[in-house]
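As structure tokens, the structure follows; a few thoughts come after it.
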Amino acid sequence: MGIAAAREGLLERLYWLIKLRWLAVLGAFCTVLFVNHGLKFKLPIFPLYATIALLFMGNVAFFFRLIRLKNKSALSMNRIANVQIAFDLLVLAVLIHFSGGIENPFIFYFIFHMIIASTLLSRKASFLQATLAAVFFFAMVNLEYLGILPHYCLKGFMIDCQRHNPIYLGGVSFVLVSTLYIAVYFATSIANRLKQREMALNISNEQLREKDNVKSEYVLRVSHDIKEDLAAIQGCLEPVARGITGELNPKQLDLIQRATRRTGSLLFFIKALLEITRMKLSREVKMDYFSFSETLSEAVAQIASKALDKNISLNLYLEPGINRIRGSKEYIQETLVNLLANSVKYTPRNGRIDLKGSDKGNRILIDISDNGIGIPKGELPKIFEEFYRASNAKEVERDGTGLGLSIAKRIVEIHNGKIWVDSQEGKGSVFHIELPK
């Protein structure tokens, strides 16, 4: 897994280098245009534009080469990274030669390439690239100094041409080359330290995931055993509460009914805990195509009787185009039912609940709105956390698991969707769910 992640990271950085090169092509073109027409420097325009065109075509070639490298080894990617940087250094040297040589202040752009090389390559390869940059630079300077290559003086920028000034040549060369190596040393040191920290964090995260899985498996086993025992207790209490085992006096009946209610609440909590634990442990959820409009209607039908008991108006609105989507019907329907049940629970008598499904092209937006108690503004960021219940919800309904919304959030995220809420205390809430079709 670590090797694959490193390969993906290197591939991502190589694509980043491709993007930088497009900017370099544009920047070089605009600079030459400005220097030639704006500053009126007499530079060989054709060789400069030809070199920029070479950079453009080279970037196109590297791009298509990267597409073919997606499933290749890290070694192949390192090779193309070395080739790309070497190509960039050569192009930069040629551009500088045709635009003033050692007099061109852009010679210090060699340093940028060393920093980029240090983020992509090993320390040894980065120092080799620094050496290659020094070779290109010295070759350009010496060939111009000896008259083998023509020197294009930046008249107007420099008072006198400096290609025959040994003090200037030596000073600039020493500063540039030493800076190249110093930049590589510091950049690779920082990059290596960051990589080590990243590896340590990845190891720690993996250990935490393993511990979390062990904890979840333990909770799953214990919760399952508790659920069976509670179900057995409830199975014994219900016949007694109904008087099947004999008539009870009022005090006995009250105690049995309390025990039955508490057992039911515990069973509900254990089932919710089992559900969220299973979802944490499961790597995949079985998905298939199903009718989303039917699922919405079924969810409303399940809650209709509870809404009727409180004389709450429950309305369903569906836009055309909402039909089949791919996902887990059971999980999505359970999420809708839980959210509607919460709305019924925390909406006063004679209230209103609206469930609206909107077609958003390749996605579906579900809005569940009510005019209930709402959620305090300061508690909105915590509302989807496990075991969290809003303070005003506890006042209305003392019993509750605080797991319903966290389960809903996990289900929506498994489907690559989003869930969020808009709410105002005392005026109601609107839960939004966005799902891909």
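The chains in the structure tokens are called A, B, ... from first to last as shown; in each chain the residues are counted from 1, and the ligands are counted from 1 in the order shown.
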Find the residues around Leu92 in chain A up to 9 Å (only C-alpha atoms counted), leave out those fewer than 3 positions away in its own chain, and share them as a PDB file with N, CA and C atoms, in the first residue's frame.
ATOM      1  N   PHE A  87      15.465  18.374 -19.535  1.00  0.00           N
ATOM      2  CA  PHE A  87      14.941  19.086 -20.706  1.00  0.00           C
ATOM      3  C   PHE A  87      14.674  20.554 -20.367  1.00  0.00           C
ATOM      4  N   ASP A  88      14.073  20.782 -19.206  1.00  0.00           N
ATOM      5  CA  ASP A  88      13.779  22.163 -18.790  1.00  0.00           C
ATOM      6  C   ASP A  88      15.059  22.977 -18.617  1.00  0.00           C
ATOM      7  N   LEU A  89      16.081  22.361 -18.029  1.00  0.00           N
ATOM      8  CA  LEU A  89      17.347  23.062 -17.822  1.00  0.00           C
ATOM      9  C   LEU A  89      17.986  23.437 -19.158  1.00  0.00           C
ATOM     10  N   LEU A  95      17.261  29.621 -23.886  1.00  0.00           N
ATOM     11  CA  LEU A  95      16.524  30.894 -23.819  1.00  0.00           C
ATOM     12  C   LEU A  95      17.411  32.006 -23.273  1.00  0.00           C
ATOM     13  N   ILE A  96      18.189  31.701 -22.234  1.00  0.00           N
ATOM     14  CA  ILE A  96      19.056  32.715 -21.637  1.00  0.00           C
ATOM     15  C   ILE A  96      20.168  33.109 -22.604  1.00  0.00           C
ATOM     16  N   HIS A  97      20.695  32.120 -23.336  1.00  0.00           N
ATOM     17  CA  HIS A  97      21.736  32.426 -24.317  1.00  0.00           C
ATOM     18  C   HIS A  97      21.247  33.432 -25.352  1.00  0.00           C
ATOM     19  N   PHE A 106      17.380  36.451 -15.503  1.00  0.00           N
ATOM     20  CA  PHE A 106      16.619  35.206 -15.396  1.00  0.00           C
ATOM     21  C   PHE A 106      17.504  33.969 -15.226  1.00  0.00           C
ATOM     22  N   ILE A 107      18.819  34.162 -15.191  1.00  0.00           N
ATOM     23  CA  ILE A 107      19.688  33.004 -14.944  1.00  0.00           C
ATOM     24  C   ILE A 107      19.398  32.384 -13.577  1.00  0.00           C
ATOM     25  N   TYR A 109      16.666  31.630 -12.458  1.00  0.00           N
ATOM     26  CA  TYR A 109      15.560  30.681 -12.556  1.00  0.00           C
ATOM     27  C   TYR A 109      16.062  29.239 -12.502  1.00  0.00           C
ATOM     28  N   PHE A 110      17.386  29.063 -12.709  1.00  0.00           N
ATOM     29  CA  PHE A 110      17.951  27.730 -12.511  1.00  0.00           C
ATOM     30  C   PHE A 110      17.682  27.239 -11.078  1.00  0.00           C
TER      31      PHE A 110
END
- Query: Which residues, written as a PyMOL selection string, have at least one atom at most 6 Å from range 371-384 of chain A, with only C-alpha atoms counted and residues fewer than 4 positions away on the same chain left out?
  - Reply: chain A and resi 346-347+405-406+423-429
Polymer residues at most 8 Å from Ile233 in chain A, only C-alpha atoms, same-chain spacing of 4 or more positions, as a PyMOL selection string:
chain A and resi 229+237+263
Residues from the last selection, all heavy atoms, saved as an mmCIF file, in the first residue's frame:
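The resulting file, part34.cif, is shown below:
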data_model
loop_
_atom_site.group_PDB
_atom_site.id
_atom_site.type_symbol
_atom_site.label_atom_id
_atom_site.label_comp_id
_atom_site.auth_asym_id
_atom_site.auth_seq_id
_atom_site.Cartn_x
_atom_site.Cartn_y
_atom_site.Cartn_z
ATOM 1 N N ASP A 229 -30.000 -11.016 25.012
ATOM 2 C CA ASP A 229 -30.484 -11.085 26.395
ATOM 3 C C ASP A 229 -31.663 -10.142 26.623
ATOM 4 O O ASP A 229 -32.650 -10.502 27.284
ATOM 5 C CB ASP A 229 -29.351 -10.745 27.373
ATOM 6 C CG ASP A 229 -28.275 -11.828 27.397
ATOM 7 O OD1 ASP A 229 -28.599 -12.982 27.034
ATOM 8 O OD2 ASP A 229 -27.124 -11.525 27.773
ATOM 9 N N LEU A 237 -41.335 -10.234 29.676
ATOM 10 C CA LEU A 237 -42.117 -9.153 30.276
ATOM 11 C C LEU A 237 -43.454 -8.930 29.572
ATOM 12 O O LEU A 237 -44.471 -8.641 30.227
ATOM 13 C CB LEU A 237 -41.317 -7.853 30.256
ATOM 14 C CG LEU A 237 -40.135 -7.750 31.228
ATOM 15 C CD1 LEU A 237 -39.331 -6.501 30.952
ATOM 16 C CD2 LEU A 237 -40.648 -7.743 32.679
ATOM 17 N N THR A 263 -36.777 -1.627 28.530
ATOM 18 C CA THR A 263 -36.171 -2.700 27.739
ATOM 19 C C THR A 263 -36.279 -2.385 26.253
ATOM 20 O O THR A 263 -35.336 -2.592 25.483
ATOM 21 C CB THR A 263 -36.850 -4.050 28.032
ATOM 22 O OG1 THR A 263 -36.820 -4.296 29.431
ATOM 23 C CG2 THR A 263 -36.132 -5.184 27.323
#
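Residues in contact with Ala299 in chain A at up to 12 Å, not including ones fewer than 5 positions away on its chain and judged by only C-alpha atoms, are A:Phe292, A:Ser293, A:Glu294, A:Ala304, A:Ser305, A:Leu314, A:Asn315, A:Leu316, A:Lys329, A:Glu330, A:Tyr331, A:Ile332, A:Gln333, A:Glu334, A:Thr335, A:Leu336, A:Val337, A:Asn338, A:Leu339, A:Leu340, A:Ala341, A:Leu355, A:Ile368.
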Atom pair CA of Asn165 in chain A + CA of Glu103 in chain A, distance 11.1 Å
Where does DSSP see alpha helix (DSSP H) in range 73-215 of chain A, if you list the residues as a PDB file with C-alpha atoms, in the first residue's frame?
ATOM      1  CA  ALA A  74       8.004   4.183  -9.694  1.00  0.00           C
ATOM      2  CA  LEU A  75      11.348   3.610 -11.462  1.00  0.00           C
ATOM      3  CA  SER A  76       9.806   4.533 -14.820  1.00  0.00           C
ATOM      4  CA  MET A  77       8.270   7.639 -13.298  1.00  0.00           C
ATOM      5  CA  ASN A  78      11.607   8.662 -11.770  1.00  0.00           C
ATOM      6  CA  ARG A  79      13.250   8.321 -15.160  1.00  0.00           C
ATOM      7  CA  ILE A  80      10.713  10.562 -16.863  1.00  0.00           C
ATOM      8  CA  ALA A  81      11.013  13.054 -14.001  1.00  0.00           C
ATOM      9  CA  ASN A  82      14.789  13.220 -14.537  1.00  0.00           C
ATOM     10  CA  VAL A  83      14.318  13.602 -18.293  1.00  0.00           C
ATOM     11  CA  GLN A  84      11.744  16.385 -17.846  1.00  0.00           C
ATOM     12  CA  ILE A  85      13.937  18.432 -15.514  1.00  0.00           C
ATOM     13  CA  ALA A  86      17.014  17.944 -17.710  1.00  0.00           C
ATOM     14  CA  PHE A  87      14.941  19.086 -20.706  1.00  0.00           C
ATOM     15  CA  ASP A  88      13.779  22.163 -18.790  1.00  0.00           C
ATOM     16  CA  LEU A  89      17.347  23.062 -17.822  1.00  0.00           C
ATOM     17  CA  LEU A  90      18.502  22.792 -21.442  1.00  0.00           C
ATOM     18  CA  VAL A  91      15.609  24.937 -22.711  1.00  0.00           C
ATOM     19  CA  LEU A  92      16.257  27.524 -20.001  1.00  0.00           C
ATOM     20  CA  ALA A  93      19.960  27.673 -20.948  1.00  0.00           C
ATOM     21  CA  VAL A  94      19.077  28.172 -24.631  1.00  0.00           C
ATOM     22  CA  LEU A  95      16.524  30.894 -23.819  1.00  0.00           C
ATOM     23  CA  ILE A  96      19.056  32.715 -21.637  1.00  0.00           C
ATOM     24  CA  HIS A  97      21.736  32.426 -24.317  1.00  0.00           C
ATOM     25  CA  TYR A 109      15.560  30.681 -12.556  1.00  0.00           C
ATOM     26  CA  PHE A 110      17.951  27.730 -12.511  1.00  0.00           C
ATOM     27  CA  ILE A 111      17.443  27.814  -8.731  1.00  0.00           C
ATOM     28  CA  PHE A 112      13.668  27.317  -9.109  1.00  0.00           C
ATOM     29  CA  HIS A 113      14.342  24.188 -11.128  1.00  0.00           C
ATOM     30  CA  MET A 114      16.576  22.861  -8.362  1.00  0.00           C
ATOM     31  CA  ILE A 115      13.793  23.324  -5.819  1.00  0.00           C
ATOM     32  CA  ILE A 116      11.353  21.516  -8.116  1.00  0.00           C
ATOM     33  CA  ALA A 117      13.890  18.718  -8.668  1.00  0.00           C
ATOM     34  CA  SER A 118      14.320  18.343  -4.913  1.00  0.00           C
ATOM     35  CA  THR A 119      10.579  17.779  -4.427  1.00  0.00           C
ATOM     36  CA  LEU A 120      10.443  15.133  -7.173  1.00  0.00           C
ATOM     37  CA  ARG A 123      18.935  13.805  -3.000  1.00  0.00           C
ATOM     38  CA  LYS A 124      21.526  12.134  -5.255  1.00  0.00           C
ATOM     39  CA  ALA A 125      19.458  12.750  -8.405  1.00  0.00           C
ATOM     40  CA  SER A 126      18.826  16.367  -7.346  1.00  0.00           C
ATOM     41  CA  PHE A 127      22.559  17.039  -6.939  1.00  0.00           C
ATOM     42  CA  LEU A 128      23.147  15.467 -10.361  1.00  0.00           C
ATOM     43  CA  GLN A 129      20.550  17.840 -11.823  1.00  0.00           C
ATOM     44  CA  ALA A 130      22.341  20.741 -10.102  1.00  0.00           C
ATOM     45  CA  THR A 131      25.581  19.580 -11.710  1.00  0.00           C
ATOM     46  CA  LEU A 132      23.850  19.368 -15.093  1.00  0.00           C
ATOM     47  CA  ALA A 133      22.526  22.925 -14.640  1.00  0.00           C
ATOM     48  CA  ALA A 134      26.061  24.095 -13.793  1.00  0.00           C
ATOM     49  CA  VAL A 135      27.427  22.326 -16.905  1.00  0.00           C
ATOM     50  CA  PHE A 136      24.823  24.014 -19.158  1.00  0.00           C
ATOM     51  CA  PHE A 137      25.525  27.383 -17.563  1.00  0.00           C
ATOM     52  CA  PHE A 138      29.323  27.127 -17.790  1.00  0.00           C
ATOM     53  CA  ALA A 139      29.086  25.842 -21.376  1.00  0.00           C
ATOM     54  CA  MET A 140      26.963  28.854 -22.383  1.00  0.00           C
ATOM     55  CA  VAL A 141      29.219  31.362 -20.589  1.00  0.00           C
ATOM     56  CA  ASN A 142      32.513  29.928 -21.857  1.00  0.00           C
ATOM     57  CA  LEU A 143      31.333  29.412 -25.438  1.00  0.00           C
ATOM     58  CA  GLU A 144      30.173  33.031 -25.513  1.00  0.00           C
ATOM     59  CA  TYR A 145      33.415  34.179 -23.861  1.00  0.00           C
ATOM     60  CA  PRO A 166      36.370  37.836 -16.046  1.00  0.00           C
ATOM     61  CA  ILE A 167      35.581  39.338 -12.622  1.00  0.00           C
ATOM     62  CA  TYR A 168      31.886  39.688 -13.469  1.00  0.00           C
ATOM     63  CA  LEU A 169      31.744  36.240 -15.080  1.00  0.00           C
ATOM     64  CA  GLY A 170      33.526  34.583 -12.168  1.00  0.00           C
ATOM     65  CA  GLY A 171      31.491  36.367  -9.510  1.00  0.00           C
ATOM     66  CA  VAL A 172      28.086  35.641 -11.028  1.00  0.00           C
ATOM     67  CA  SER A 173      29.077  32.055 -11.842  1.00  0.00           C
ATOM     68  CA  PHE A 174      30.286  31.393  -8.285  1.00  0.00           C
ATOM     69  CA  VAL A 175      27.137  32.873  -6.704  1.00  0.00           C
ATOM     70  CA  LEU A 176      24.777  31.032  -9.049  1.00  0.00           C
ATOM     71  CA  VAL A 177      26.424  27.599  -8.917  1.00  0.00           C
ATOM     72  CA  SER A 178      26.960  27.664  -5.145  1.00  0.00           C
ATOM     73  CA  THR A 179      23.331  28.734  -4.689  1.00  0.00           C
ATOM     74  CA  LEU A 180      22.216  25.807  -6.855  1.00  0.00           C
ATOM     75  CA  TYR A 181      23.898  23.288  -4.575  1.00  0.00           C
ATOM     76  CA  ILE A 182      22.832  25.066  -1.387  1.00  0.00           C
ATOM     77  CA  ALA A 183      19.228  25.188  -2.631  1.00  0.00           C
ATOM     78  CA  VAL A 184      19.310  21.460  -3.377  1.00  0.00           C
ATOM     79  CA  TYR A 185      20.769  20.673   0.039  1.00  0.00           C
ATOM     80  CA  PHE A 186      18.157  22.649   1.970  1.00  0.00           C
ATOM     81  CA  ALA A 187      15.220  21.658  -0.253  1.00  0.00           C
ATOM     82  CA  THR A 188      16.050  17.926  -0.125  1.00  0.00           C
ATOM     83  CA  SER A 189      16.598  18.133   3.645  1.00  0.00           C
ATOM     84  CA  ILE A 190      13.169  19.682   4.135  1.00  0.00           C
ATOM     85  CA  ALA A 191      11.542  17.301   1.630  1.00  0.00           C
ATOM     86  CA  ASN A 192      13.097  14.224   3.282  1.00  0.00           C
ATOM     87  CA  ARG A 193      12.016  15.366   6.713  1.00  0.00           C
ATOM     88  CA  LEU A 194       8.471  15.927   5.469  1.00  0.00           C
ATOM     89  CA  LYS A 195       8.457  12.479   3.820  1.00  0.00           C
ATOM     90  CA  GLN A 196       9.595  10.864   7.068  1.00  0.00           C
ATOM     91  CA  ARG A 197       6.852  12.648   8.970  1.00  0.00           C
ATOM     92  CA  GLU A 198       4.306  11.634   6.361  1.00  0.00           C
ATOM     93  CA  MET A 199       5.414   7.993   6.632  1.00  0.00           C
ATOM     94  CA  ALA A 200       5.196   8.153  10.438  1.00  0.00           C
ATOM     95  CA  LEU A 201       1.701   9.664  10.201  1.00  0.00           C
ATOM     96  CA  ASN A 202       0.596   6.988   7.726  1.00  0.00           C
ATOM     97  CA  ILE A 203       1.867   4.252  10.045  1.00  0.00           C
ATOM     98  CA  SER A 204       0.121   5.874  13.019  1.00  0.00           C
ATOM     99  CA  ASN A 205      -3.120   6.217  11.054  1.00  0.00           C
ATOM    100  CA  GLU A 206      -2.954   2.584  10.004  1.00  0.00           C
ATOM    101  CA  GLN A 207      -2.411   1.504  13.622  1.00  0.00           C
ATOM    102  CA  LEU A 208      -5.335   3.672  14.731  1.00  0.00           C
ATOM    103  CA  ARG A 209      -7.543   2.105  12.045  1.00  0.00           C
ATOM    104  CA  GLU A 210      -6.577  -1.374  13.209  1.00  0.00           C
ATOM    105  CA  LYS A 211      -7.290  -0.468  16.844  1.00  0.00           C
ATOM    106  CA  ASP A 212     -10.598   1.092  15.846  1.00  0.00           C
ATOM    107  CA  ASN A 213     -11.537  -2.096  13.968  1.00  0.00           C
ATOM    108  CA  VAL A 214     -10.655  -4.223  17.003  1.00  0.00           C
ATOM    109  CA  LYS A 215     -12.757  -1.931  19.209  1.00  0.00           C
TER     110      LYS A 215
END
**Prompt:** Can you list every residue in range 299-407 of chain A that DSSP puts in strand (DSSP E or B), as a ChimeraX atom specification?
**Reply:** /A:313-318,324-327,352-359,363-370
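Here CA of Phe387 in chain A is placed at a distance of 5.2 Å from CA of Leu403 in chain A.
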### Message
Between CA of Asp288 in chain A and CA of Ile325 in chain A, what is the distance in Å, rounded to a tenth?
### Response
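Between CA of Asp288 in chain A and CA of Ile325 in chain A the gap is 8.1 Å.
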